[in-house]
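Novice: Sending over protein-v8.pdb (PDB, C-alpha atoms).
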MODEL        1
ATOM      1  CA  MET T   1      -1.807 -49.141   0.337
ATOM      2  CA  ALA T   2       0.257 -48.086   3.333
ATOM      3  CA  ARG T   3      -1.117 -45.302   5.483
ATOM      4  CA  HIS T   4       0.427 -41.904   5.034
ATOM      5  CA  PRO T   5       0.088 -39.718   8.161
ATOM      6  CA  GLU T   6       1.094 -36.467   6.421
ATOM      7  CA  LEU T   7      -1.416 -36.935   3.636
ATOM      8  CA  GLU T   8      -4.119 -38.003   6.074
ATOM      9  CA  ALA T   9      -3.513 -34.864   8.142
ATOM     10  CA  ILE T  10      -3.838 -32.685   5.035
ATOM     11  CA  LEU T  11      -7.044 -34.395   3.936
ATOM     12  CA  GLN T  12      -8.439 -34.083   7.450
ATOM     13  CA  ALA T  13      -7.543 -30.376   7.511
ATOM     14  CA  ARG T  14      -9.229 -29.909   4.132
ATOM     15  CA  TYR T  15     -12.355 -31.662   5.400
ATOM     16  CA  ASP T  16     -12.311 -29.594   8.597
ATOM     17  CA  LEU T  17     -12.049 -26.399   6.548
ATOM     18  CA  GLU T  18     -14.988 -27.350   4.355
ATOM     19  CA  THR T  19     -17.228 -28.374   7.228
ATOM     20  CA  CYS T  20     -16.396 -25.834   9.934
ATOM     21  CA  GLY T  21     -18.535 -22.837  10.841
ATOM     22  CA  PRO T  22     -18.009 -19.534   9.038
ATOM     23  CA  ASN T  23     -16.261 -17.992  12.042
ATOM     24  CA  GLU T  24     -13.620 -20.750  12.072
ATOM     25  CA  LYS T  25     -12.568 -20.467   8.433
ATOM     26  CA  THR T  26      -9.534 -18.258   9.045
ATOM     27  CA  GLU T  27      -7.879 -20.607  11.513
ATOM     28  CA  ARG T  28      -8.779 -23.770   9.582
ATOM     29  CA  ARG T  29      -7.388 -22.297   6.383
ATOM     30  CA  ALA T  30      -4.159 -21.335   8.156
ATOM     31  CA  GLN T  31      -3.865 -24.871   9.512
ATOM     32  CA  LEU T  32      -4.301 -26.403   6.051
ATOM     33  CA  GLU T  33      -1.811 -24.019   4.463
ATOM     34  CA  SER T  34       0.702 -24.705   7.190
ATOM     35  CA  LEU T  35       0.477 -28.469   6.591
ATOM     36  CA  LEU T  36       0.715 -28.032   2.818
ATOM     37  CA  GLN T  37       3.690 -25.707   3.147
ATOM     38  CA  ALA T  38       5.446 -28.133   5.466
ATOM     39  CA  ALA T  39       4.908 -31.018   3.024
ATOM     40  CA  LEU T  40       6.164 -28.942   0.093
ATOM     41  CA  SER T  41       9.190 -27.682   2.001
ATOM     42  CA  GLN T  42      10.080 -31.177   3.082
ATOM     43  CA  ALA T  43       9.938 -32.297  -0.554
ATOM     44  CA  GLY T  44      11.999 -29.289  -1.650
ATOM     45  CA  ILE T  45       9.215 -27.929  -3.869
ATOM     46  CA  ARG T  46       8.664 -24.189  -4.002
ATOM     47  CA  SER T  47       5.827 -24.011  -6.510
ATOM     48  CA  LEU T  48       3.088 -26.292  -7.802
ATOM     49  CA  SER T  49       2.836 -24.635 -11.205
TER      50      SER T  49
ATOM     51  CA  MET V   1     -29.196 -19.865 -16.920
ATOM     52  CA  LYS V   2     -32.609 -21.421 -16.355
ATOM     53  CA  THR V   3     -32.780 -23.165 -13.036
ATOM     54  CA  THR V   4     -36.256 -24.608 -13.029
ATOM     55  CA  ASP V   5     -37.071 -25.610 -16.617
ATOM     56  CA  ASP V   6     -34.052 -27.758 -17.331
ATOM     57  CA  PRO V   7     -34.937 -31.465 -16.854
ATOM     58  CA  ALA V   8     -31.392 -32.301 -15.683
ATOM     59  CA  VAL V   9     -31.747 -29.849 -12.822
ATOM     60  CA  ALA V  10     -35.343 -30.760 -12.066
ATOM     61  CA  ASP V  11     -34.031 -34.280 -11.406
ATOM     62  CA  SER V  12     -31.878 -32.914  -8.632
ATOM     63  CA  PRO V  13     -33.742 -30.792  -6.096
ATOM     64  CA  ARG V  14     -30.451 -29.912  -4.426
ATOM     65  CA  TRP V  15     -28.986 -28.298  -7.548
ATOM     66  CA  GLN V  16     -32.268 -26.529  -8.092
ATOM     67  CA  ALA V  17     -32.269 -25.204  -4.520
ATOM     68  CA  VAL V  18     -28.691 -23.979  -4.844
ATOM     69  CA  GLY V  19     -29.521 -22.207  -8.097
ATOM     70  CA  LEU V  20     -32.637 -20.552  -6.752
ATOM     71  CA  LEU V  21     -30.871 -19.303  -3.634
ATOM     72  CA  ILE V  22     -27.908 -17.975  -5.598
ATOM     73  CA  ASP V  23     -30.301 -16.098  -7.869
ATOM     74  CA  GLN V  24     -32.167 -14.645  -4.888
ATOM     75  CA  ASN V  25     -28.952 -13.646  -3.114
ATOM     76  CA  SER V  26     -27.679 -11.909  -6.246
ATOM     77  CA  ARG V  27     -30.875  -9.902  -6.491
ATOM     78  CA  ASP V  28     -30.768  -8.978  -2.791
ATOM     79  CA  LEU V  29     -27.115  -7.988  -2.947
ATOM     80  CA  LEU V  30     -27.675  -5.735  -5.949
ATOM     81  CA  ALA V  31     -30.722  -4.184  -4.288
ATOM     82  CA  ARG V  32     -28.797  -3.842  -0.995
ATOM     83  CA  ARG V  33     -31.951  -5.184   0.584
ATOM     84  CA  TYR V  34     -30.717  -6.697   3.837
ATOM     85  CA  GLY V  35     -27.349  -5.144   4.557
ATOM     86  CA  LEU V  36     -23.854  -6.501   4.170
ATOM     87  CA  LEU V  37     -23.697  -8.852   7.138
ATOM     88  CA  GLN V  38     -26.952 -10.567   6.157
ATOM     89  CA  GLU V  39     -25.654 -10.973   2.606
ATOM     90  CA  VAL V  40     -22.485 -12.591   3.956
ATOM     91  CA  VAL V  41     -24.515 -14.970   6.123
ATOM     92  CA  SER V  42     -26.737 -15.875   3.148
ATOM     93  CA  TRP V  43     -23.652 -16.560   1.036
ATOM     94  CA  PHE V  44     -22.289 -18.923   3.682
ATOM     95  CA  LYS V  45     -25.631 -20.732   3.837
ATOM     96  CA  VAL V  46     -25.691 -21.282   0.081
ATOM     97  CA  ILE V  47     -22.145 -22.618   0.211
ATOM     98  CA  GLU V  48     -23.274 -25.161   2.778
ATOM     99  CA  LEU V  49     -26.121 -26.237   0.519
ATOM    100  CA  PHE V  50     -23.742 -26.294  -2.449
ATOM    101  CA  ARG V  51     -21.372 -28.584  -0.521
ATOM    102  CA  GLN V  52     -24.257 -30.936   0.267
ATOM    103  CA  ALA V  53     -25.204 -31.080  -3.416
ATOM    104  CA  GLU V  54     -21.558 -31.591  -4.341
ATOM    105  CA  PHE V  55     -21.260 -34.501  -1.928
ATOM    106  CA  GLU V  56     -24.510 -36.081  -3.049
ATOM    107  CA  ARG V  57     -24.087 -35.632  -6.815
ATOM    108  CA  LEU V  58     -20.326 -35.628  -7.409
ATOM    109  CA  ILE V  59     -18.763 -37.661  -4.625
ATOM    110  CA  GLU V  60     -21.308 -40.245  -3.514
ATOM    111  CA  GLN V  61     -22.071 -41.164  -7.108
ATOM    112  CA  THR V  62     -20.520 -40.832 -10.533
ATOM    113  CA  PRO V  63     -21.479 -37.348 -11.702
ATOM    114  CA  THR V  64     -23.376 -36.895 -14.933
ATOM    115  CA  PRO V  65     -22.236 -34.229 -17.409
ATOM    116  CA  ALA V  66     -25.165 -32.103 -16.193
ATOM    117  CA  ASP V  67     -23.983 -32.449 -12.567
ATOM    118  CA  ARG V  68     -20.494 -31.269 -13.516
ATOM    119  CA  ARG V  69     -21.893 -28.395 -15.575
ATOM    120  CA  TYR V  70     -24.076 -27.084 -12.742
ATOM    121  CA  HIS V  71     -21.366 -27.659 -10.164
ATOM    122  CA  LYS V  72     -18.893 -25.675 -12.268
ATOM    123  CA  THR V  73     -21.396 -22.911 -12.978
ATOM    124  CA  TRP V  74     -22.531 -22.398  -9.402
ATOM    125  CA  LEU V  75     -19.034 -22.715  -8.050
ATOM    126  CA  ALA V  76     -17.946 -19.874 -10.341
ATOM    127  CA  THR V  77     -20.994 -17.856  -9.257
ATOM    128  CA  LEU V  78     -20.240 -18.376  -5.560
ATOM    129  CA  ILE V  79     -16.645 -17.266  -6.126
ATOM    130  CA  ALA V  80     -17.836 -14.160  -7.968
ATOM    131  CA  GLU V  81     -20.325 -13.375  -5.181
ATOM    132  CA  GLY V  82     -17.597 -13.874  -2.595
ATOM    133  CA  GLU V  83     -15.261 -11.509  -4.436
ATOM    134  CA  ARG V  84     -18.046  -8.968  -4.688
ATOM    135  CA  LEU V  85     -18.726  -9.263  -0.952
ATOM    136  CA  LEU V  86     -15.019  -8.804  -0.215
ATOM    137  CA  THR V  87     -15.003  -5.634  -2.298
ATOM    138  CA  GLU V  88     -18.054  -4.347  -0.443
ATOM    139  CA  ILE V  89     -16.622  -5.263   2.966
ATOM    140  CA  ARG V  90     -13.317  -3.530   2.198
ATOM    141  CA  ALA V  91     -15.145  -0.466   0.906
ATOM    142  CA  SER V  92     -17.103  -0.426   4.170
ATOM    143  CA  ARG V  93     -13.824  -0.670   6.121
ATOM    144  CA  GLY V  94     -14.551  -4.131   7.465
ATOM    145  CA  LEU V  95     -17.434  -6.188   8.675
ATOM    146  CA  ALA V  96     -19.279  -4.952  11.746
ATOM    147  CA  ARG V  97     -18.712  -7.052  14.850
ATOM    148  CA  ASN V  98     -21.462  -9.650  14.875
ATOM    149  CA  GLN V  99     -22.962 -12.408  16.956
ATOM    150  CA  ALA V 100     -21.892 -15.070  14.461
ATOM    151  CA  GLY V 101     -18.277 -13.982  14.890
ATOM    152  CA  ILE V 102     -17.673 -13.744  11.124
ATOM    153  CA  ARG V 103     -14.669 -11.652  10.097
ATOM    154  CA  LEU V 104     -13.330 -10.371   6.804
ATOM    155  CA  SER V 105     -10.598 -13.011   6.988
ATOM    156  CA  ASP V 106     -13.265 -15.751   7.203
ATOM    157  CA  VAL V 107     -14.783 -14.555   3.937
ATOM    158  CA  GLU V 108     -11.307 -14.375   2.360
ATOM    159  CA  ALA V 109     -10.480 -17.900   3.533
ATOM    160  CA  THR V 110     -13.761 -19.215   2.148
ATOM    161  CA  VAL V 111     -13.233 -17.604  -1.252
ATOM    162  CA  GLU V 112      -9.787 -19.249  -1.358
ATOM    163  CA  GLU V 113     -11.391 -22.569  -0.391
ATOM    164  CA  LEU V 114     -13.792 -22.220  -3.345
ATOM    165  CA  TYR V 115     -10.882 -21.433  -5.672
ATOM    166  CA  ASP V 116      -9.211 -24.614  -4.402
ATOM    167  CA  THR V 117     -12.333 -26.594  -5.268
ATOM    168  CA  GLN V 118     -12.361 -25.052  -8.732
ATOM    169  CA  ALA V 119      -8.702 -25.964  -9.282
ATOM    170  CA  GLU V 120      -9.295 -29.461  -7.983
ATOM    171  CA  TRP V 121     -12.235 -30.221 -10.290
ATOM    172  CA  TYR V 122     -11.578 -28.030 -13.314
ATOM    173  CA  GLY V 123      -7.931 -26.980 -13.073
ATOM    174  CA  SER V 124      -5.589 -27.169 -16.024
ATOM    175  CA  ILE V 125      -2.847 -29.202 -14.358
ATOM    176  CA  GLU V 126      -2.029 -32.225 -16.504
ATOM    177  CA  PRO V 127      -2.734 -35.656 -14.933
ATOM    178  CA  GLN V 128       0.902 -36.659 -15.458
ATOM    179  CA  ARG V 129       2.180 -33.520 -13.679
ATOM    180  CA  ARG V 130      -0.313 -34.114 -10.867
ATOM    181  CA  LYS V 131       0.997 -37.662 -10.367
ATOM    182  CA  GLU V 132       4.558 -36.429 -10.478
ATOM    183  CA  LEU V 133       3.898 -33.778  -7.820
ATOM    184  CA  LEU V 134       2.080 -36.225  -5.555
ATOM    185  CA  ARG V 135       4.976 -38.655  -5.885
ATOM    186  CA  GLN V 136       7.495 -35.920  -5.098
ATOM    187  CA  VAL V 137       5.591 -34.599  -2.088
ATOM    188  CA  PHE V 138       4.337 -37.848  -0.634
ATOM    189  CA  HIS V 139       7.052 -40.211  -1.832
ATOM    190  CA  GLY V 140       4.763 -42.043  -4.207
ATOM    191  CA  SER V 141       2.263 -43.313  -1.668
ATOM    192  CA  PRO V 142      -0.955 -41.837  -3.057
ATOM    193  CA  SER V 143      -2.274 -42.770  -6.488
TER     194      SER V 143
ENDMDL
END
Mind converting the file's structure to structure tokens?

Specialist:
Amino acid sequence: MARHPELEAILQARYDLETCGPNEKTERRAQLESLLQAALSQAGIRSLS
Amino acid sequence: MKTTDDPAVADSPRWQAVGLLIDQNSRDLLARRYGLLQEVVSWFKVIELFRQAEFERLIEQTPTPADRRYHKTWLATLIAEGERLLTEIRASRGLARNQAGIRLSDVEATVEELYDTQAEWYGSIEPQRRKELLRQVFHGSPS
């Protein structure tokens, strides 16, 4: 399977969020949401429901 | 739920440890024994242990039905405890400045992270819809 930089970045951000210290959660969460939002916007999706 | 008598749990010391700590934290929180900040720190510690158990029992190997049941149960409990802590923190007008640097927003972000885990493992999204979304967002690369 070809590598997918966007997906890899999201998975890395998810891993970073789960493994970071408690005092880093806010920033890590924001980073993950920003990447997810960018991917959704690029695909023209407004909701996952 | 019994945490020590069930043979499925006794087989996994990690699940047992998570369960025992959650039970203890719940008792301490209700008794207001150690103060809010200490309860928040304890909650974060249990989440770390929970993540270790999750990795060991659900990711590194094929989970048994008992693994999934305890994972689901303790995940829901950790979310409930997190929501309760958020209510307490808001009622106290925030978390006192502390050496660990933990803020209200860190607790909020962690509760959301746990909700994400719940949706990922036990969400109601249909497999077909999930595939469709992944294809739409990532142009069909992931399976």

Novice: I'd like a table as CSV: residues in chain V with an atom no more than 6 Å from chain T, each row giving the shortest atom pair and its distance in Å to one decimal, all atoms listed in the file counted, sorted by chain and rising residue number.

Specialist:
residue,atom,partner,partner_atom,distance
V:Gly101,CA,T:Asn23,CA,5.3
V:Ile102,CA,T:Asn23,CA,4.6
V:Ser105,CA,T:Thr26,CA,5.7
V:Asp106,CA,T:Thr26,CA,4.9
V:Ala109,CA,T:Thr26,CA,5.6
V:Val137,CA,T:Ala43,CA,5.2

Novice: If you measure from CA of Ala96 (chain V) to CA of Leu21 (chain V), what distance in Å do you get, rounded to one decimal?

Specialist: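 We find that CA of Ala96 (chain V) and CA of Leu21 (chain V) lie 24.0 Å from each other.
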
Novice: Any idea what's packed within 10 Å of Leu32 (chain T), counting all atoms listed in the file, ignoring anything in its chain fewer than 6 positions away? Could you give it as a PyMOL selection string?

Specialist: chain T and resi 9-17+38

Novice: In Å, with one decimal, what is the gap from CA of Glu60 (chain V) to CA of Glu48 (chain V)?

Specialist: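 According to the coordinates, CA of Glu60 (chain V) and CA of Glu48 (chain V) are separated by 16.5 Å.
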
Novice: Skipping near chain neighbours, those fewer than 4 positions away, what residues fall within 12 Å of Val111 (chain V) using all atoms listed in the file, listed as a VMD selection string?

Specialist: (chain T and resid 17 to 18 22 25 to 26 29) or (chain V and resid 40 43 to 44 47 75 to 86 104 to 107 115 to 118)

Novice: What does the distance from CA of Glu132 (chain V) to CA of Leu35 (chain T) come to in Å, to one decimal?

Specialist: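 Taking CA of Glu132 (chain V) as the start and CA of Leu35 (chain T) as the end point, the length is 19.3 Å.
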
Novice: Quick one: residues within 12 Å of Gly35 (chain V), only C-alpha atoms, excluding same-chain residues fewer than 6 positions away - as a PyMOL selection string?

Specialist: chain V and resi 25+28-29+41-42+85+88-89+92+95-96

Novice: Using the chain letters and numbers from the file, which residues does the PyMOL selection byres ((chain V and resi 52-57) around 12) grab, as a PyMOL selection string?

Specialist: (chain T and resi 15+18-19) or (chain V and resi 8-9+11-19+45-51+58-72+74-75+117+121)
